[in-house]
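> Encoded as structure tokens, here's the structure I'll be asking about.
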Amino acid sequence: MTWIEIMNICVSIFFTLCHAYQFFYIIYALFVSPKKYGTTPQTNRYAVMISARNEERVIGHLLQSIKACDYPSELVDIYVVADNCTDGTAQTAAENGATVYQRFNQKLIGKGYALNELYAYITDLRGTEYYNGFFVFDADNLLDEHYITEMDKCFSAGNRVLTSYRNSKNYGDNWISAGYALWFLREAKFLNNPRSRLGTSCAISGTGFLIHRDILNQQNGWKHFLLTEDIEFSIDHVIQGEKIGYCHTAILYDEQPSSFKVSWRQRLRWSKGFLQVMRDYGRSLSKQSVKTFSAFDMLMTIAPAFLITVFCLAVNASALVYASFCNTALVGSIVSSFVYTVLSAYLLLFVVGLVTGISEWKQIHCPTFRKILSFFTFPLFMMTYIPISVHALFAKVEWKPIEHNVAISLDELTNEKV
């Protein structure tokens with residue numbers, strides 16, 4: 001056995017050991033029912049915070065779905081921050097019953113800054129004790145009619161931060177949108193669900209979460225401004241000992257990019273944001289991971305695993321070049337080892353996508369053929385993170401909005417052939 005084969009095997013073993021608990025999560029989630037919560041008196045008052053930039057095409061459907069929820073409407077107020085908009089977002093939001101705050105700031109750019117200003121506007125308007133909790137959504141989202149009621153049950157049970165079940169509006173567009181959607185379904189079913197059942201912390205993921213007013217009051221608003229403000233929030237609070245809960249019965253739909261160019265730009269921001277979070281919180285999180293499993297779990301979430309993969313690929317490529325000129329007898333073993341590693345990674349990701357897709361089959365709204373095809377393309381989608389991670393090491397990345405065009409109502413979505 002050559003040294004390159006030994007290195008590839010060692011890296012595979014290292015990854016397996018670090019993430020073995022996630023395989024346990026999958027098995028656990030398949031056989032243990034999600035946590036259930038009883039009915040509540042529905043007395044909590046909520047503010048909905050939506051950050052929107054040039055979202056006039058989709059925000060109306062979100063606001064209509066919020067108003068259609070079966071939670072008492074007089075206890076839910078909707079606030080939209082029209083963030084540097086140049087279209088009719090503010091007008092559309094106001095016409096659909098939202099209180100609109102317009103923000104124009106070209107220096108402090110990003111969702112975190114917009115949320116912080118919106119929170120300040122709300123507390124100036126209503127005070128810091130008026131609302132029990134604050135929902136955060138993106139303008140392209142749609143809510144199931146029971147969403148707020150189900151989140152209220154979990155919130156009333158003592159969860160001060162809650163995330164929800166994230167589904168997709170456009171799973172069937174192509175392999176890119178399906179790749180995103182499968183990943184978020186896997187995150188809900190096989191990460192946050194078992195985390196919740198086992199009493200460890202979940203993580204919020206961009207949109208569809210609820211925060212107790214005490215947390216925002218204690219930190220004087222929204223204080224997380226890195227490129228991935230959601231994972232920054234999660235890790236900061238896990239370090240502080242906060243456990244983020246999960247409500248599997250609160251279903252949210254959002255739009256996924258279907259353009260590879262747009263997807264690259266978005267995931268480049270995510271990859272750069274993970275590096276920023278690792279830089280700012282990695283030391284504290286590593287220390288805390290010795291004490292709590294939640295911290296270890298979050299450390300594995302942001303640990304730059306793809307960078308180790310990139311390093312191994314570079315070593316394999318260098319060894320192949322060297323062997324081609326200096327020791328041709330090694331070429332065969334290097335190629336076979338590399339091919340075996342890639343195929344193993346593909347197979348592993350295929351199984352993850354397949355198990356997720358089968359378990360959540362009824363939740364995926366697209367034709368059967370596209371569902372099946374997505375299981376085979378999911379590993380390819382995930383492998384594109386490798387060049388994206390390399391790009392993130394050297395690129396200067398700034399927050400830029402993602403254009404949303406899937407203007408569809410909840411009825412139109414759920415009535416699609418599945």
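Scheme for the structure tokens: letters A, B, ... for chains in order shown; per-chain residue numbers from 1; ligand numbers from 1 in order shown.
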Please, which residues in stretch 28-60 of chain A fall within 12 Å of stretch 102-111 of chain A when counting only C-alpha atoms, and what is the closest atom pair and distance in Å to one decimal for each, ordered by chain then residue number, as JSON lines?


{"residue": "A:Met49", "atom": "CA", "partner": "A:Lys111", "partner_atom": "CA", "distance": 11.2}
{"residue": "A:Ile50", "atom": "CA", "partner": "A:Lys111", "partner_atom": "CA", "distance": 9.6}
{"residue": "A:Ser51", "atom": "CA", "partner": "A:Lys111", "partner_atom": "CA", "distance": 6.6}
{"residue": "A:Ala52", "atom": "CA", "partner": "A:Lys111", "partner_atom": "CA", "distance": 8.7}
{"residue": "A:Arg53", "atom": "CA", "partner": "A:Lys111", "partner_atom": "CA", "distance": 9.5}
{"residue": "A:Asn54", "atom": "CA", "partner": "A:Gln102", "partner_atom": "CA", "distance": 11.8}

> Taking the DSSP secondary structure from the backbone, can you list the residues of stretch 62-224 of chain A that are helix (DSSP H, G or I), as a VMD selection string?

chain A and resid 62 to 67 73 to 75 89 to 95 111 to 126 147 to 156 175 to 198 213 to 218

> If you count only C-alpha atoms, which residues fall within 12 Å of stretch 80-84 of chain A, apart from same-chain ones fewer than 3 positions away, as a ChimeraX atom specification?

/A:47-56,59-60,62-63,77,87-122,135-139,400-401

> Those selected residues, please, written with C-alpha atoms and delivered as a PDB file, in the first residue's frame.


ATOM      1  CA  ALA A  47     -44.141  40.424  15.688  1.00  0.00           C
ATOM      2  CA  VAL A  48     -43.183  39.096  12.259  1.00  0.00           C
ATOM      3  CA  MET A  49     -39.936  40.595  10.918  1.00  0.00           C
ATOM      4  CA  ILE A  50     -39.246  40.366   7.184  1.00  0.00           C
ATOM      5  CA  SER A  51     -36.169  41.783   5.502  1.00  0.00           C
ATOM      6  CA  ALA A  52     -36.844  42.381   1.805  1.00  0.00           C
ATOM      7  CA  ARG A  53     -34.805  43.863  -1.014  1.00  0.00           C
ATOM      8  CA  ASN A  54     -36.571  44.229  -4.364  1.00  0.00           C
ATOM      9  CA  GLU A  55     -39.056  41.451  -3.606  1.00  0.00           C
ATOM     10  CA  GLU A  56     -42.279  42.902  -5.015  1.00  0.00           C
ATOM     11  CA  ILE A  59     -43.671  39.228  -0.886  1.00  0.00           C
ATOM     12  CA  GLY A  60     -47.418  39.508  -1.412  1.00  0.00           C
ATOM     13  CA  LEU A  62     -45.883  35.480   1.916  1.00  0.00           C
ATOM     14  CA  LEU A  63     -47.981  38.155   3.603  1.00  0.00           C
ATOM     15  CA  ASP A  77     -48.304  42.091  13.605  1.00  0.00           C
ATOM     16  CA  ASP A  87     -38.891  48.547  -6.881  1.00  0.00           C
ATOM     17  CA  GLY A  88     -42.394  48.413  -5.396  1.00  0.00           C
ATOM     18  CA  THR A  89     -41.627  46.158  -2.426  1.00  0.00           C
ATOM     19  CA  ALA A  90     -42.685  48.751   0.146  1.00  0.00           C
ATOM     20  CA  GLN A  91     -45.947  49.514  -1.619  1.00  0.00           C
ATOM     21  CA  THR A  92     -46.819  45.837  -2.147  1.00  0.00           C
ATOM     22  CA  ALA A  93     -46.086  45.058   1.516  1.00  0.00           C
ATOM     23  CA  ALA A  94     -48.218  47.973   2.716  1.00  0.00           C
ATOM     24  CA  GLU A  95     -51.082  46.964   0.430  1.00  0.00           C
ATOM     25  CA  ASN A  96     -50.994  43.498   2.015  1.00  0.00           C
ATOM     26  CA  GLY A  97     -51.302  44.821   5.552  1.00  0.00           C
ATOM     27  CA  ALA A  98     -47.685  45.076   6.703  1.00  0.00           C
ATOM     28  CA  THR A  99     -46.150  47.981   8.572  1.00  0.00           C
ATOM     29  CA  VAL A 100     -43.257  49.068   6.370  1.00  0.00           C
ATOM     30  CA  TYR A 101     -39.950  50.590   7.432  1.00  0.00           C
ATOM     31  CA  GLN A 102     -37.807  51.818   4.551  1.00  0.00           C
ATOM     32  CA  ARG A 103     -34.047  51.632   4.971  1.00  0.00           C
ATOM     33  CA  PHE A 104     -31.435  53.225   2.714  1.00  0.00           C
ATOM     34  CA  ASN A 105     -27.886  52.470   3.801  1.00  0.00           C
ATOM     35  CA  GLN A 106     -25.153  51.541   1.315  1.00  0.00           C
ATOM     36  CA  LYS A 107     -22.444  51.160   3.961  1.00  0.00           C
ATOM     37  CA  LEU A 108     -23.971  48.678   6.412  1.00  0.00           C
ATOM     38  CA  ILE A 109     -25.179  46.079   3.931  1.00  0.00           C
ATOM     39  CA  GLY A 110     -26.663  42.755   4.894  1.00  0.00           C
ATOM     40  CA  LYS A 111     -29.655  41.058   6.446  1.00  0.00           C
ATOM     41  CA  GLY A 112     -28.277  41.375   9.973  1.00  0.00           C
ATOM     42  CA  TYR A 113     -28.115  45.165   9.767  1.00  0.00           C
ATOM     43  CA  ALA A 114     -31.610  45.347   8.276  1.00  0.00           C
ATOM     44  CA  LEU A 115     -33.066  43.160  11.045  1.00  0.00           C
ATOM     45  CA  ASN A 116     -31.355  45.226  13.717  1.00  0.00           C
ATOM     46  CA  GLU A 117     -32.816  48.474  12.395  1.00  0.00           C
ATOM     47  CA  LEU A 118     -36.261  46.907  12.033  1.00  0.00           C
ATOM     48  CA  TYR A 119     -36.148  45.637  15.620  1.00  0.00           C
ATOM     49  CA  ALA A 120     -35.174  49.118  16.829  1.00  0.00           C
ATOM     50  CA  TYR A 121     -38.093  50.584  14.853  1.00  0.00           C
ATOM     51  CA  ILE A 122     -40.535  48.076  16.371  1.00  0.00           C
ATOM     52  CA  PHE A 135     -40.596  35.611  13.924  1.00  0.00           C
ATOM     53  CA  VAL A 136     -38.043  36.066  11.127  1.00  0.00           C
ATOM     54  CA  PHE A 137     -38.916  35.206   7.524  1.00  0.00           C
ATOM     55  CA  ASP A 138     -37.526  35.926   4.071  1.00  0.00           C
ATOM     56  CA  ALA A 139     -39.756  37.595   1.488  1.00  0.00           C
ATOM     57  CA  LYS A 400     -25.754  40.606  -2.349  1.00  0.00           C
ATOM     58  CA  PRO A 401     -29.472  39.870  -2.679  1.00  0.00           C
TER      59      PRO A 401
END

> Show which residues sit within 9 Å of A:Leu413, as a list in words. Count only C-alpha atoms, and ignore same-chain residues fewer than 6 positions away.

Lys169, Asn170 and His365 of chain A

> For N, CA and C atoms, I'd like the residues from the last selection saved as a compact mmCIF listing (two decimals), in the first residue's frame.


# COMPACT_ATOMS: atom_id res chain seq x y z
N LYS A 169 -40.30 25.62 -2.47
CA LYS A 169 -41.35 26.00 -3.43
C LYS A 169 -41.07 25.45 -4.82
N ASN A 170 -39.80 25.21 -5.13
CA ASN A 170 -39.44 24.88 -6.53
C ASN A 170 -38.45 23.72 -6.61
N HIS A 365 -42.98 18.46 -3.51
CA HIS A 365 -44.03 18.79 -4.47
C HIS A 365 -43.45 18.94 -5.87

> Figure out the distance between atom CA of A:Val390 and atom CA of A:Met7, please, to one decimal in Å.

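About the pair atom CA of A:Met7 and atom CA of A:Val390: they are 20.5 Å apart.
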
> For each of A:Gln266, A:Arg57, A:Ser284, A:Tyr171, take the minimum atom-to-atom distance to A:Pro367, counting only C-alpha atoms, then give the residue where this is smallest.

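Smallest separation from A:Pro367 among the options: A:Tyr171.
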
> Residues at most 10 Å from stretch 191-202 of chain A, counting only C-alpha atoms, excluding those fewer than 5 positions away in the same chain, as JSON, numbers by chain?

{"A": [22, 23, 24, 25, 26, 27, 28, 29, 30, 32, 33, 34, 35, 36, 161, 162, 163, 164, 165, 184, 185, 186, 234, 235, 237, 238, 241, 242, 243, 244, 245, 246, 247, 248, 292, 293, 294, 295, 297, 298]}

> For those residues, write C-alpha atoms to a file as an mmCIF file, in the first residue's frame.


data_model
loop_
_atom_site.group_PDB
_atom_site.id
_atom_site.type_symbol
_atom_site.label_atom_id
_atom_site.label_comp_id
_atom_site.auth_asym_id
_atom_site.auth_seq_id
_atom_site.Cartn_x
_atom_site.Cartn_y
_atom_site.Cartn_z
ATOM 1 C CA GLN A 22 -24.915 12.125 12.275
ATOM 2 C CA PHE A 23 -25.414 8.599 10.976
ATOM 3 C CA PHE A 24 -26.815 7.733 14.387
ATOM 4 C CA TYR A 25 -29.128 10.747 13.990
ATOM 5 C CA ILE A 26 -30.495 9.273 10.752
ATOM 6 C CA ILE A 27 -31.230 5.877 12.318
ATOM 7 C CA TYR A 28 -32.685 7.513 15.413
ATOM 8 C CA ALA A 29 -34.962 9.811 13.395
ATOM 9 C CA LEU A 30 -36.266 6.910 11.315
ATOM 10 C CA VAL A 32 -38.325 7.673 16.961
ATOM 11 C CA SER A 33 -41.292 9.963 16.530
ATOM 12 C CA PRO A 34 -40.733 13.736 16.707
ATOM 13 C CA LYS A 35 -41.439 15.539 19.958
ATOM 14 C CA LYS A 36 -45.103 16.423 20.456
ATOM 15 C CA VAL A 161 -35.428 30.035 20.216
ATOM 16 C CA LEU A 162 -37.167 27.816 17.678
ATOM 17 C CA THR A 163 -36.546 26.732 14.130
ATOM 18 C CA SER A 164 -39.027 25.000 11.833
ATOM 19 C CA TYR A 165 -39.421 22.512 8.989
ATOM 20 C CA PHE A 184 -32.741 21.475 3.892
ATOM 21 C CA LEU A 185 -35.109 18.516 4.196
ATOM 22 C CA ARG A 186 -32.232 16.444 5.521
ATOM 23 C CA SER A 234 -26.792 29.737 16.538
ATOM 24 C CA ILE A 235 -23.186 29.239 17.571
ATOM 25 C CA HIS A 237 -26.044 31.173 21.733
ATOM 26 C CA VAL A 238 -24.871 27.572 21.967
ATOM 27 C CA GLY A 241 -25.621 27.603 26.875
ATOM 28 C CA GLU A 242 -28.862 28.340 25.018
ATOM 29 C CA LYS A 243 -30.632 25.395 23.380
ATOM 30 C CA ILE A 244 -32.424 26.049 20.117
ATOM 31 C CA GLY A 245 -35.598 24.009 19.739
ATOM 32 C CA TYR A 246 -37.294 22.564 16.682
ATOM 33 C CA CYS A 247 -40.944 22.363 15.625
ATOM 34 C CA HIS A 248 -41.450 19.702 12.961
ATOM 35 C CA THR A 292 -21.282 20.049 25.820
ATOM 36 C CA PHE A 293 -22.310 17.944 22.857
ATOM 37 C CA SER A 294 -24.279 20.860 21.376
ATOM 38 C CA ALA A 295 -21.043 22.798 20.996
ATOM 39 C CA ASP A 297 -22.182 19.405 16.990
ATOM 40 C CA MET A 298 -21.943 23.077 15.983
#

> Which residues, written as a PyMOL selection string, have at least one atom at most 12 Å from A:Ile408, with only C-alpha atoms counted and residues fewer than 4 positions away on the same chain left out?

chain A and resi 57-62+64-65+140-143+168-170+253-255+404+412-416

> Nearest to A:Ile388 among A:Arg45, A:Arg265, A:Lys287, A:Lys371, with distances taken over only C-alpha atoms: which residue is it?

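Going through A:Arg45, A:Arg265, A:Lys287, A:Lys371 one by one, the smallest distance to A:Ile388 is for A:Arg265.
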
> Contacts of A:Asp144 at 9 Å or less, counting only C-alpha atoms, minus same-chain residues fewer than 4 places along, as a PyMOL selection string?

chain A and resi 65-66+68-69+148+250-253+410
